[in-house]
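Colleague: File follows, final.txt with compact mmCIF, C-alpha atoms and all ligand atoms:
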# COMPACT_ATOMS: atom_id res chain seq x y z
CA MET P 1 130.65 -150.23 -24.67
CA PRO P 2 130.28 -146.50 -25.50
CA VAL P 3 132.89 -145.14 -27.87
CA ARG P 4 135.03 -142.41 -26.33
CA SER P 5 135.59 -139.35 -28.47
CA PRO P 6 139.25 -138.38 -28.90
CA VAL P 7 138.15 -134.77 -28.31
CA PRO P 8 136.80 -134.32 -24.76
CA GLY P 9 133.28 -132.93 -24.87
CA GLN P 10 132.82 -133.60 -28.56
CA PRO P 11 130.72 -136.48 -29.95
CA VAL P 12 132.37 -139.16 -32.06
CA ARG P 13 131.97 -138.25 -35.75
CA THR P 14 129.66 -140.70 -37.49
CA ASP P 15 128.77 -138.56 -40.51
CA VAL P 16 129.76 -139.82 -43.93
CA VAL P 17 130.79 -137.18 -46.44
CA PRO P 18 128.90 -137.58 -49.73
CA VAL P 19 131.14 -138.06 -52.76
CA THR P 20 130.62 -136.35 -56.09
CA SER P 21 132.93 -136.84 -59.04
CA GLN P 22 132.35 -133.50 -60.77
CA ALA P 23 133.46 -130.08 -59.58
CA ARG P 24 134.73 -131.52 -56.34
CA PHE P 25 135.74 -128.09 -54.99
CA ASP P 26 132.69 -125.95 -55.74
CA GLY P 27 132.56 -123.18 -53.14
CA ALA P 28 135.91 -124.16 -51.59
CA VAL P 29 138.87 -121.84 -51.06
CA ALA P 30 142.31 -123.29 -51.78
CA LEU P 31 145.71 -121.74 -51.14
CA VAL P 32 148.67 -123.23 -53.00
CA THR P 33 152.15 -122.02 -52.07
CA GLY P 34 154.82 -121.89 -54.75
CA ALA P 35 152.06 -121.93 -57.37
CA ALA P 36 153.77 -119.50 -59.74
CA SER P 37 155.65 -122.43 -61.27
CA GLY P 38 155.68 -126.13 -62.07
CA ILE P 39 153.72 -128.52 -59.88
CA GLY P 40 152.12 -125.73 -57.83
CA THR P 41 150.70 -124.12 -60.97
CA ALA P 42 149.25 -127.46 -62.09
CA ILE P 43 147.65 -128.14 -58.69
CA ALA P 44 146.14 -124.65 -58.50
CA THR P 45 144.85 -124.91 -62.07
CA ARG P 46 143.30 -128.32 -61.41
CA LEU P 47 141.60 -127.21 -58.17
CA ALA P 48 140.26 -124.09 -59.93
CA ALA P 49 139.00 -126.20 -62.86
CA GLU P 50 137.04 -128.24 -60.32
CA GLY P 51 135.40 -125.18 -58.81
CA ALA P 52 137.76 -123.87 -56.12
CA SER P 53 138.61 -120.21 -55.63
CA VAL P 54 142.38 -120.39 -55.57
CA CYS P 55 145.10 -118.22 -54.10
CA ILE P 56 148.37 -118.42 -56.02
CA ALA P 57 150.80 -117.63 -53.19
CA ASP P 58 154.43 -117.24 -54.20
CA ARG P 59 157.45 -115.08 -53.55
CA ASP P 60 157.41 -114.48 -57.33
CA LEU P 61 154.46 -112.08 -57.59
CA PRO P 62 154.68 -111.43 -61.37
CA GLY P 63 154.71 -115.20 -61.94
CA ALA P 64 151.81 -115.72 -59.53
CA SER P 65 149.84 -112.96 -61.26
CA ARG P 66 150.36 -114.61 -64.65
CA VAL P 67 149.05 -117.95 -63.31
CA ALA P 68 146.05 -116.27 -61.66
CA ALA P 69 145.27 -114.40 -64.89
CA ALA P 70 145.44 -117.64 -66.92
CA ILE P 71 143.04 -119.37 -64.51
CA CYS P 72 140.61 -116.45 -64.66
CA ALA P 73 140.87 -116.35 -68.47
CA ALA P 74 139.83 -120.02 -68.50
CA GLY P 75 136.73 -119.19 -66.43
CA GLY P 76 138.11 -120.01 -63.00
CA LYS P 77 138.54 -117.86 -59.92
CA ALA P 78 142.05 -117.04 -58.72
CA VAL P 79 144.03 -114.31 -56.99
CA ALA P 80 147.78 -113.84 -56.68
CA GLU P 81 149.43 -113.08 -53.35
CA PRO P 82 153.09 -112.35 -52.62
CA VAL P 83 154.47 -114.41 -49.76
CA ASP P 84 157.72 -115.74 -48.42
CA VAL P 85 156.56 -118.89 -46.65
CA ALA P 86 159.62 -118.83 -44.39
CA ASP P 87 158.55 -115.46 -42.93
CA ARG P 88 155.86 -115.75 -40.24
CA ARG P 89 154.63 -112.18 -40.57
CA ALA P 90 154.41 -112.45 -44.35
CA VAL P 91 152.45 -115.72 -44.05
CA GLU P 92 150.01 -114.25 -41.52
CA ALA P 93 149.49 -111.11 -43.61
CA CYS P 94 148.90 -113.23 -46.72
CA LEU P 95 146.33 -115.39 -44.92
CA ASP P 96 144.53 -112.29 -43.60
CA ARG P 97 144.22 -110.91 -47.14
CA VAL P 98 143.03 -114.26 -48.51
CA LYS P 99 140.43 -114.58 -45.79
CA ALA P 100 139.16 -111.05 -46.42
CA GLY P 101 139.06 -111.55 -50.20
CA LEU P 102 138.02 -115.18 -50.71
CA GLY P 103 137.03 -116.47 -47.26
CA PRO P 104 138.64 -118.97 -44.87
CA VAL P 105 140.93 -121.54 -46.46
CA ASP P 106 139.47 -125.04 -46.95
CA VAL P 107 142.50 -126.56 -48.69
CA LEU P 108 146.12 -125.59 -48.01
CA VAL P 109 148.77 -127.05 -50.32
CA ASN P 110 152.29 -126.58 -48.96
CA ASN P 111 154.23 -126.83 -52.21
CA ALA P 112 156.84 -124.03 -52.17
CA ALA P 113 160.41 -125.33 -52.08
CA VAL P 114 164.00 -124.44 -52.80
CA VAL P 115 166.85 -126.90 -53.17
CA SER P 116 170.58 -126.58 -52.57
CA SER P 117 172.46 -129.30 -54.37
CA THR P 118 175.92 -128.67 -52.94
CA ASP P 119 177.76 -131.76 -51.69
CA LEU P 120 177.07 -132.16 -47.96
CA LYS P 121 180.67 -131.43 -46.93
CA ASN P 122 180.61 -128.09 -48.76
CA LEU P 123 177.01 -127.18 -48.02
CA THR P 124 176.97 -123.90 -46.11
CA GLU P 125 175.03 -123.28 -42.94
CA GLU P 126 173.05 -120.63 -44.87
CA GLU P 127 172.05 -123.17 -47.55
CA TRP P 128 171.01 -125.69 -44.90
CA ASP P 129 168.96 -123.06 -43.05
CA ARG P 130 167.31 -121.81 -46.26
CA ASP P 131 166.21 -125.26 -47.45
CA LEU P 132 164.82 -126.13 -44.02
CA ALA P 133 163.16 -122.72 -43.65
CA VAL P 134 161.29 -122.84 -46.95
CA CYS P 135 160.52 -126.57 -47.24
CA LEU P 136 159.76 -127.42 -43.61
CA LYS P 137 159.25 -124.32 -41.48
CA GLY P 138 157.21 -122.78 -44.30
CA ALA P 139 154.75 -125.68 -44.17
CA PHE P 140 154.52 -125.35 -40.37
CA LEU P 141 153.90 -121.58 -40.57
CA CYS P 142 151.23 -121.91 -43.26
CA ALA P 143 149.48 -124.76 -41.44
CA LYS P 144 149.59 -122.78 -38.19
CA ALA P 145 148.03 -119.79 -39.95
CA VAL P 146 145.07 -121.74 -41.42
CA LEU P 147 144.44 -124.11 -38.50
CA PRO P 148 142.42 -121.81 -36.19
CA ASP P 149 139.69 -121.39 -38.84
CA MET P 150 139.80 -125.07 -39.80
CA LEU P 151 139.43 -126.19 -36.20
CA GLN P 152 136.64 -123.74 -35.56
CA ARG P 153 134.81 -124.78 -38.78
CA ARG P 154 135.50 -128.47 -38.07
CA LYS P 155 136.88 -129.08 -41.58
CA GLY P 156 140.01 -128.56 -43.61
CA VAL P 157 142.59 -130.24 -45.79
CA LEU P 158 146.34 -129.87 -45.39
CA LEU P 159 148.38 -131.28 -48.24
CA ASN P 160 152.16 -131.27 -48.09
CA ILE P 161 154.24 -131.80 -51.20
CA GLY P 162 157.19 -133.90 -50.14
CA SER P 163 159.52 -135.89 -52.37
CA VAL P 164 160.92 -139.36 -52.86
CA ASN P 165 164.02 -137.65 -51.39
CA GLY P 166 162.21 -137.71 -48.05
CA SER P 167 162.54 -141.50 -47.88
CA HIS P 168 165.47 -142.38 -50.19
CA PHE P 169 168.84 -140.80 -50.94
CA TYR P 170 169.13 -138.99 -54.27
CA GLY P 171 171.39 -136.12 -53.15
CA ASP P 172 170.15 -132.61 -52.19
CA ASP P 173 170.86 -133.34 -48.54
CA ALA P 174 169.31 -130.38 -46.71
CA TYR P 175 166.25 -130.42 -48.96
CA SER P 176 165.89 -134.16 -48.34
CA ALA P 177 166.12 -133.71 -44.57
CA ALA P 178 163.39 -131.09 -44.82
CA LYS P 179 161.20 -133.41 -46.91
CA ALA P 180 161.68 -136.22 -44.38
CA GLY P 181 160.67 -133.78 -41.64
CA LEU P 182 157.56 -132.93 -43.62
CA VAL P 183 156.45 -136.58 -43.37
CA SER P 184 156.58 -136.33 -39.59
CA LEU P 185 154.82 -132.95 -39.59
CA THR P 186 152.07 -134.47 -41.74
CA ARG P 187 151.52 -137.25 -39.21
CA SER P 188 151.45 -134.78 -36.30
CA LEU P 189 148.84 -132.63 -38.02
CA ALA P 190 146.74 -135.65 -38.98
CA VAL P 191 146.67 -137.23 -35.53
CA ARG P 192 146.31 -134.03 -33.53
CA TYR P 193 143.49 -132.56 -35.60
CA GLY P 194 141.73 -135.51 -37.19
CA ALA P 195 138.95 -135.42 -34.62
CA TYR P 196 138.25 -131.83 -35.69
CA GLY P 197 137.59 -132.89 -39.28
CA VAL P 198 141.02 -131.75 -40.48
CA ARG P 199 142.94 -134.15 -42.73
CA ALA P 200 146.68 -133.95 -43.49
CA ASN P 201 148.47 -135.97 -46.15
CA LEU P 202 151.69 -135.85 -48.13
CA ILE P 203 152.46 -136.51 -51.79
CA ALA P 204 155.98 -137.74 -52.55
CA PRO P 205 156.66 -137.12 -56.25
CA GLY P 206 159.47 -138.62 -58.27
CA THR P 207 161.13 -136.68 -61.09
CA VAL P 208 158.84 -134.21 -62.84
CA ARG P 209 160.11 -131.81 -65.50
CA THR P 210 159.61 -128.30 -64.09
CA PRO P 211 161.75 -125.14 -64.02
CA ALA P 212 163.40 -126.63 -60.92
CA TRP P 213 165.40 -128.81 -63.35
CA ASP P 214 166.56 -125.99 -65.66
CA GLU P 215 170.00 -125.54 -64.14
CA ARG P 216 170.81 -129.27 -64.14
CA LEU P 217 169.59 -129.58 -67.72
CA ARG P 218 171.95 -126.80 -68.78
CA ARG P 219 174.80 -128.95 -67.44
CA ASP P 220 173.47 -132.21 -68.96
CA PRO P 221 170.79 -131.82 -71.66
CA ASP P 222 170.22 -135.63 -71.71
CA LEU P 223 169.70 -135.89 -67.96
CA LEU P 224 165.95 -136.51 -68.02
CA GLN P 225 166.21 -139.27 -70.66
CA THR P 226 168.90 -140.89 -68.52
CA LEU P 227 166.74 -140.68 -65.40
CA ALA P 228 163.66 -142.10 -67.15
CA GLN P 229 165.32 -145.52 -67.47
CA TRP P 230 165.25 -145.91 -63.66
CA TYR P 231 161.46 -145.58 -63.59
CA PRO P 232 159.57 -148.90 -63.83
CA LEU P 233 156.75 -147.21 -65.77
CA GLY P 234 159.34 -146.06 -68.30
CA ARG P 235 158.70 -142.34 -68.11
CA LEU P 236 159.10 -139.37 -65.81
CA GLY P 237 156.12 -137.74 -64.15
CA THR P 238 154.14 -134.80 -65.41
CA VAL P 239 152.81 -131.92 -63.38
CA GLU P 240 149.32 -133.23 -64.21
CA ASP P 241 150.18 -136.61 -62.60
CA ILE P 242 150.87 -134.78 -59.34
CA ALA P 243 147.88 -132.44 -59.68
CA ALA P 244 145.53 -135.42 -60.15
CA ALA P 245 146.82 -137.02 -56.95
CA ALA P 246 146.57 -133.71 -55.11
CA ALA P 247 142.99 -133.14 -56.24
CA PHE P 248 142.06 -136.64 -55.08
CA LEU P 249 143.62 -136.24 -51.64
CA ALA P 250 142.10 -132.78 -51.25
CA SER P 251 138.63 -134.00 -52.22
CA ASP P 252 135.93 -135.68 -50.15
CA GLU P 253 136.71 -138.90 -52.05
CA ALA P 254 139.69 -139.13 -49.69
CA SER P 255 137.59 -138.34 -46.63
CA TRP P 256 138.96 -141.35 -44.68
CA ILE P 257 142.57 -140.84 -45.71
CA THR P 258 144.79 -138.91 -43.34
CA GLY P 259 148.34 -139.03 -42.04
CA THR P 260 149.58 -140.89 -45.08
CA THR P 261 152.15 -140.51 -47.82
CA LEU P 262 151.01 -141.05 -51.39
CA THR P 263 154.08 -141.80 -53.46
CA VAL P 264 153.56 -140.67 -57.06
CA ASP P 265 156.74 -141.78 -58.75
CA GLY P 266 156.14 -144.24 -61.60
CA GLY P 267 157.33 -147.04 -59.32
CA LEU P 268 160.78 -145.56 -58.61
CA VAL P 269 161.01 -146.39 -54.91
CA ALA P 270 159.26 -149.76 -55.29
CA GLY P 271 162.50 -151.30 -56.51
CA ASN P 272 165.34 -151.10 -58.97
CA ALA P 273 164.47 -152.75 -62.29
CA VAL P 274 167.83 -151.88 -63.85
CA MET P 275 169.75 -153.55 -61.01
CA ALA P 276 167.33 -156.50 -60.93
CA GLN P 277 167.91 -157.11 -64.65
CA HIS P 278 171.66 -157.07 -64.09
CA ILE P 279 171.07 -159.85 -61.54
CA LEU P 280 168.34 -161.80 -63.37
CA GLY P 281 168.84 -160.95 -67.01
CA PRO P 282 166.29 -158.98 -69.05
CA PHE P 283 162.71 -159.26 -67.81
CA PRO P 284 160.65 -161.48 -70.15
CA THR P 285 158.02 -159.45 -72.00
CA GLU P 286 155.60 -162.36 -72.67
N1 LIG P 301 160.00 -131.33 -59.98
C1 LIG P 301 160.36 -132.45 -59.37
O1 LIG P 301 161.03 -133.32 -59.96
C2 LIG P 301 159.95 -132.70 -57.95
C3 LIG P 301 160.21 -133.96 -57.40
C4 LIG P 301 159.84 -134.21 -56.08
C5 LIG P 301 159.22 -133.22 -55.35
N2 LIG P 301 158.99 -132.00 -55.89
C6 LIG P 301 158.34 -131.00 -55.06
O2 LIG P 301 157.27 -130.41 -55.75
C7 LIG P 301 157.11 -129.06 -55.31
C8 LIG P 301 157.11 -128.13 -56.51
O3 LIG P 301 158.32 -128.29 -57.21
P1 LIG P 301 158.55 -127.72 -58.69
O4 LIG P 301 159.44 -128.67 -59.36
O5 LIG P 301 157.26 -127.32 -59.27
O6 LIG P 301 159.43 -126.41 -58.31
P2 LIG P 301 159.56 -125.00 -59.04
O7 LIG P 301 160.96 -124.54 -58.71
O8 LIG P 301 159.14 -125.04 -60.44
O9 LIG P 301 158.52 -124.10 -58.22
C9 LIG P 301 158.74 -123.76 -56.89
C10 LIG P 301 157.96 -122.49 -56.59
O10 LIG P 301 158.15 -122.17 -55.20
C11 LIG P 301 158.33 -120.78 -55.09
N3 LIG P 301 159.04 -120.48 -53.87
C12 LIG P 301 160.32 -120.77 -53.56
N4 LIG P 301 160.62 -120.29 -52.34
C13 LIG P 301 159.51 -119.70 -51.86
C14 LIG P 301 159.21 -119.03 -50.66
N5 LIG P 301 160.13 -118.85 -49.69
N6 LIG P 301 157.97 -118.56 -50.48
C15 LIG P 301 157.02 -118.69 -51.45
N7 LIG P 301 157.27 -119.30 -52.62
C16 LIG P 301 158.49 -119.81 -52.83
C17 LIG P 301 159.13 -120.40 -56.34
O11 LIG P 301 159.04 -118.99 -56.62
C18 LIG P 301 158.46 -121.27 -57.40
O12 LIG P 301 157.37 -120.60 -57.98
C19 LIG P 301 158.24 -128.80 -54.33
O13 LIG P 301 157.79 -129.00 -53.01
C20 LIG P 301 159.25 -129.84 -54.69
O14 LIG P 301 160.10 -130.17 -53.62
C21 LIG P 301 159.34 -131.71 -57.17
Would you mind writing the file's structure down as structure tokens?
Ligand SMILES: NC(=O)c1ccc[n+]([C@@H]2O[C@H](COP(=O)([O-])OP(=O)(O)OC[C@H]3O[C@@H](n4cnc5c(N)ncnc54)[C@H](O)[C@@H]3O)[C@@H](O)[C@H]2O)c1

Modeller:
Amino acid sequence: MPVRSPVPGQPVRTDVVPVTSQARFDGAVALVTGAASGIGTAIATRLAAEGASVCIADRDLPGASRVAAAICAAGGKAVAEPVDVADRRAVEACLDRVKAGLGPVDVLVNNAAVVSSTDLKNLTEEEWDRDLAVCLKGAFLCAKAVLPDMLQRRKGVLLNIGSVNGSHFYGDDAYSAAKAGLVSLTRSLAVRYGAYGVRANLIAPGTVRTPAWDERLRRDPDLLQTLAQWYPLGRLGTVEDIAAAAAFLASDEASWITGTTLTVDGGLVAGNAVMAQHILGPFPTE
């Protein structure tokens, strides 16, 4: 029986993308939002180290410029662009400049985020709107801005940075709702545009020490050591752990992976070892 293409008028794709392990992004253009800090910086740096021309897009332009300069100093190619991902006009203008300067975007990493940690009862409408606007609407606006070129070129990678908060409760209620929404948006993008060669995936990190933790650490300097005990692998994540996963999902090595969530969390959401040991006694080591 003939196979029907999911895109009317288009043949079923039977091509297999060749895989190379070195310089997986030679000639590619990547745009990473929120790349002036933390995980975004690490992802941009990793993609640049593997050959991509990278746009460091952030509302913090001095920070973005510093990251771009560091990448260039290390022999990579990077530019800094100011953008507020929650502002459609700013996103479109940013994408126009990137396209004119570097070319159409091959890899979009929606990483920018803000988090309001107020207790749900006291969370203001403004805080709720801000978290949803940056974490969820921002990803929609950026995807919408890059999609026309991706669809026309029949290739593209959309990578959303979610959180374990998108599937489990750890506080930060509005942020968590936005991250859960991002899982659904990822599936929509993957299913709607897969037949056009566009892949969409989400990484759900656990705790990673970045400037996002500064304020909480001022309140409790031991917080990260306390949190580490809940992680089955016995440590928190590093920005490089997340960047490695991002580079994999963005690369052709993941060419048959779309619509999925890759949880990168040292085993956190797999279960609760501390609770289990209260029930069972200490886990035997031999
Ligand atoms: N650090 C963690 O423990 C952790 C855990 C789970 C998920 N994450 C996710 O990883 C991603 C990066 O987090 P991080 O810890 O590196 O955060 P971070 O606070 O260090 O960096 C966030 C960056 O986003 C930028 N940004 C904020 N609002 C923006 C806007 N409207 N437009 C453009 N840029 C904006 C900031 O200027 C900053 O450079 C986020 O999506 C976050 O939700 C982080």

Colleague: Please return as a count of residues only the residues found within 7 Å of ligand LIG 301 (chain P), counting all atoms listed in the file.

Modeller: 36

Colleague: Between CA of Leu185 in chain P and CA of Ala42 in chain P, what is the distance in Å, rounded to a tenth?

Modeller: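 Between CA of Leu185 in chain P and CA of Ala42 in chain P the gap works out to 23.8 Å.
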
Colleague: Within 12 Å of (137.0, -133.7, -54.6) (file coordinates; all atoms listed in the file), which protein or nucleic acid residues are there? I'd like them as a ChimeraX atom specification.

Modeller: /P:17-28,46-52,106-107,157,244-255

Colleague: Tell me, as a list in words, which residues lie within 10 Å of Val274 in chain P, counting all atoms listed in the file; anything in the same chain fewer than 5 positions away does not count.

Modeller: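 Contacts, with the query itself left out: Gln229, Trp230, Tyr231, Pro232, Ile279, Leu280, Gly281, Pro282 and Phe283 of chain P.
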
Colleague: Compare P:Asp149, P:Thr238, P:Leu268, P:Ile56 by their minimum atom-to-atom distance to Lys99 in chain P, counting all atoms listed in the file, and give me the closest one.

Modeller: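 Closest residue, counting all atoms listed in the file: P:Asp149.
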
Colleague: Would you compute the distance between CA of Ala190 in chain P and CA of Thr258 in chain P? Give it in Å to one decimal.

Modeller: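 Between CA of Ala190 in chain P and CA of Thr258 in chain P the gap is 5.8 Å.
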
Colleague: Nearest residue to Ile71 in chain P out of P:Val146, P:Val183, P:Cys55, P:Val269, using all atoms listed in the file?

Modeller: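 Looking at the shortest contact to Ile71 in chain P, the residue is P:Cys55.
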
Colleague: Quick one: residues within 9 Å of Arg153 in chain P, only C-alpha atoms, excluding same-chain residues fewer than 4 positions away - as a list in words?

Modeller: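 My list of contacting residues is Pro148, Asp149, Tyr196 and Gly197 of chain P.
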
Colleague: For range 87-89 of chain P, find every residue with an atom within 10 Å (counting all atoms listed in the file), except residues of its own chain fewer than 5 positions away, and show them as a VMD selection string.

Modeller: chain P and resid 94 to 95 133 to 134 137 to 138 140 to 142 144 to 145

Colleague: Hey, can you check how far CA of Gly156 in chain P sits from CA of Gly63 in chain P?

Modeller: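 These atoms are spaced 27.0 Å apart.
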
Colleague: Just need the box for range 74-78 of chain P, edges along x, y and z, holding every atom the file lists for it with 5 Å tacked onto each side, so centre and edge lengths in Å to one decimal, as lines of an AutoDock Vina configuration file.

Modeller:
center_x = 139.4
center_y = -118.5
center_z = -63.6
size_x = 15.3
size_y = 13.0
size_z = 19.8

Colleague: Nearest to Ala73 in chain P among P:Arg97, P:Thr45, P:Ile242, P:Ala228, with distances taken over only C-alpha atoms: which residue is it?

Modeller: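 Under the stated criterion, the closest residue is P:Thr45.
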
Colleague: Extract, using only C-alpha atoms, all DNA, RNA and protein residues at most 9 Å from Val191 in chain P, discarding same-chain residues fewer than 5 positions from it, and format them as a PDB file with C-alpha atoms, keeping the file's coordinate frame.

Modeller:
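File written: out-v4.pdb
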ATOM      1  CA  THR P 186     152.070-134.470 -41.740  1.00  0.00           C
ATOM      2  CA  ARG P 199     142.940-134.150 -42.730  1.00  0.00           C
ATOM      3  CA  ALA P 200     146.680-133.950 -43.490  1.00  0.00           C
ATOM      4  CA  THR P 258     144.790-138.910 -43.340  1.00  0.00           C
ATOM      5  CA  GLY P 259     148.340-139.030 -42.040  1.00  0.00           C
TER       6      GLY P 259
END

Colleague: Could you list, as number ranges by chain, every residue within 12 Å of Glu215 in chain P, counting all atoms listed in the file and ignoring same-chain residues fewer than 6 positions away?

Modeller: P: 115-117, 209, 221, 223

Colleague: How would the residues just chosen look if you wrote them out with C-alpha atoms as a JSON list (two decimals), in the frame of the given file?

Modeller:
[["chain", "number", "residue", "atom", "x", "y", "z"],
["P", 115, "VAL", "CA", 166.85, -126.90, -53.17],
["P", 116, "SER", "CA", 170.58, -126.58, -52.57],
["P", 117, "SER", "CA", 172.46, -129.30, -54.37],
["P", 209, "ARG", "CA", 160.11, -131.81, -65.50],
["P", 221, "PRO", "CA", 170.79, -131.82, -71.66],
["P", 223, "LEU", "CA", 169.70, -135.89, -67.96]]

Colleague: Identify which of the residues P:Lys155, P:Ile203, P:Ala273, P:Glu127 lies closest to Ala243 in chain P, counting all atoms listed in the file when measuring atom-to-atom distances.

Modeller: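 Once distances to Ala243 in chain P are computed over all atoms listed in the file, the minimum belongs to P:Ile203.
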
Colleague: Could you write range 161-168 of chain P of the block just shown to a file containing all heavy atoms, as an mmCIF file, in the first residue's frame?

Modeller:
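Contents of out24.cif, as written:
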data_model
loop_
_atom_site.group_PDB
_atom_site.id
_atom_site.type_symbol
_atom_site.label_atom_id
_atom_site.label_comp_id
_atom_site.auth_asym_id
_atom_site.auth_seq_id
_atom_site.Cartn_x
_atom_site.Cartn_y
_atom_site.Cartn_z
ATOM 1 N N ILE P 161 13.792 25.175 26.600
ATOM 2 C CA ILE P 161 14.344 24.814 27.909
ATOM 3 C C ILE P 161 13.213 24.929 28.929
ATOM 4 O O ILE P 161 12.741 26.030 29.250
ATOM 5 C CB ILE P 161 15.549 25.711 28.298
ATOM 6 C CG1 ILE P 161 16.612 25.706 27.171
ATOM 7 C CG2 ILE P 161 16.142 25.219 29.611
ATOM 8 C CD1 ILE P 161 17.167 24.331 26.790
ATOM 9 N N GLY P 162 12.757 23.770 29.365
ATOM 10 C CA GLY P 162 11.685 23.710 30.355
ATOM 11 C C GLY P 162 12.273 23.606 31.742
ATOM 12 O O GLY P 162 13.262 24.267 32.078
ATOM 13 N N SER P 163 11.697 22.722 32.540
ATOM 14 C CA SER P 163 12.177 22.536 33.919
ATOM 15 C C SER P 163 11.487 21.303 34.497
ATOM 16 O O SER P 163 10.387 20.951 34.052
ATOM 17 C CB SER P 163 11.811 23.755 34.765
ATOM 18 O OG SER P 163 12.034 23.488 36.140
ATOM 19 N N VAL P 164 12.114 20.701 35.501
ATOM 20 C CA VAL P 164 11.398 19.658 36.239
ATOM 21 C C VAL P 164 10.138 20.241 36.876
ATOM 22 O O VAL P 164 9.192 19.512 37.178
ATOM 23 C CB VAL P 164 12.293 19.001 37.320
ATOM 24 C CG1 VAL P 164 13.374 18.138 36.692
ATOM 25 C CG2 VAL P 164 12.901 20.036 38.266
ATOM 26 N N ASN P 165 10.107 21.580 37.049
ATOM 27 C CA ASN P 165 8.900 22.234 37.582
ATOM 28 C C ASN P 165 7.708 22.094 36.637
ATOM 29 O O ASN P 165 6.572 22.291 37.055
ATOM 30 C CB ASN P 165 9.157 23.729 37.797
ATOM 31 C CG ASN P 165 9.991 24.001 39.007
ATOM 32 O OD1 ASN P 165 11.004 23.333 39.218
ATOM 33 N ND2 ASN P 165 9.618 24.970 39.818
ATOM 34 N N GLY P 166 7.976 21.772 35.372
ATOM 35 C CA GLY P 166 6.878 21.610 34.420
ATOM 36 C C GLY P 166 6.104 20.321 34.633
ATOM 37 O O GLY P 166 4.986 20.162 34.127
ATOM 38 N N SER P 167 6.688 19.383 35.396
ATOM 39 C CA SER P 167 5.992 18.109 35.614
ATOM 40 C C SER P 167 5.784 17.793 37.094
ATOM 41 O O SER P 167 4.965 16.935 37.433
ATOM 42 C CB SER P 167 6.780 16.959 34.965
ATOM 43 O OG SER P 167 8.096 16.910 35.477
ATOM 44 N N HIS P 168 6.534 18.454 37.984
ATOM 45 C CA HIS P 168 6.438 18.164 39.418
ATOM 46 C C HIS P 168 6.423 19.478 40.194
ATOM 47 O O HIS P 168 7.018 20.466 39.749
ATOM 48 C CB HIS P 168 7.641 17.328 39.881
ATOM 49 C CG HIS P 168 7.659 15.947 39.309
ATOM 50 N ND1 HIS P 168 7.896 15.686 37.979
ATOM 51 C CD2 HIS P 168 7.453 14.733 39.893
ATOM 52 C CE1 HIS P 168 7.842 14.379 37.755
ATOM 53 N NE2 HIS P 168 7.569 13.779 38.908
#
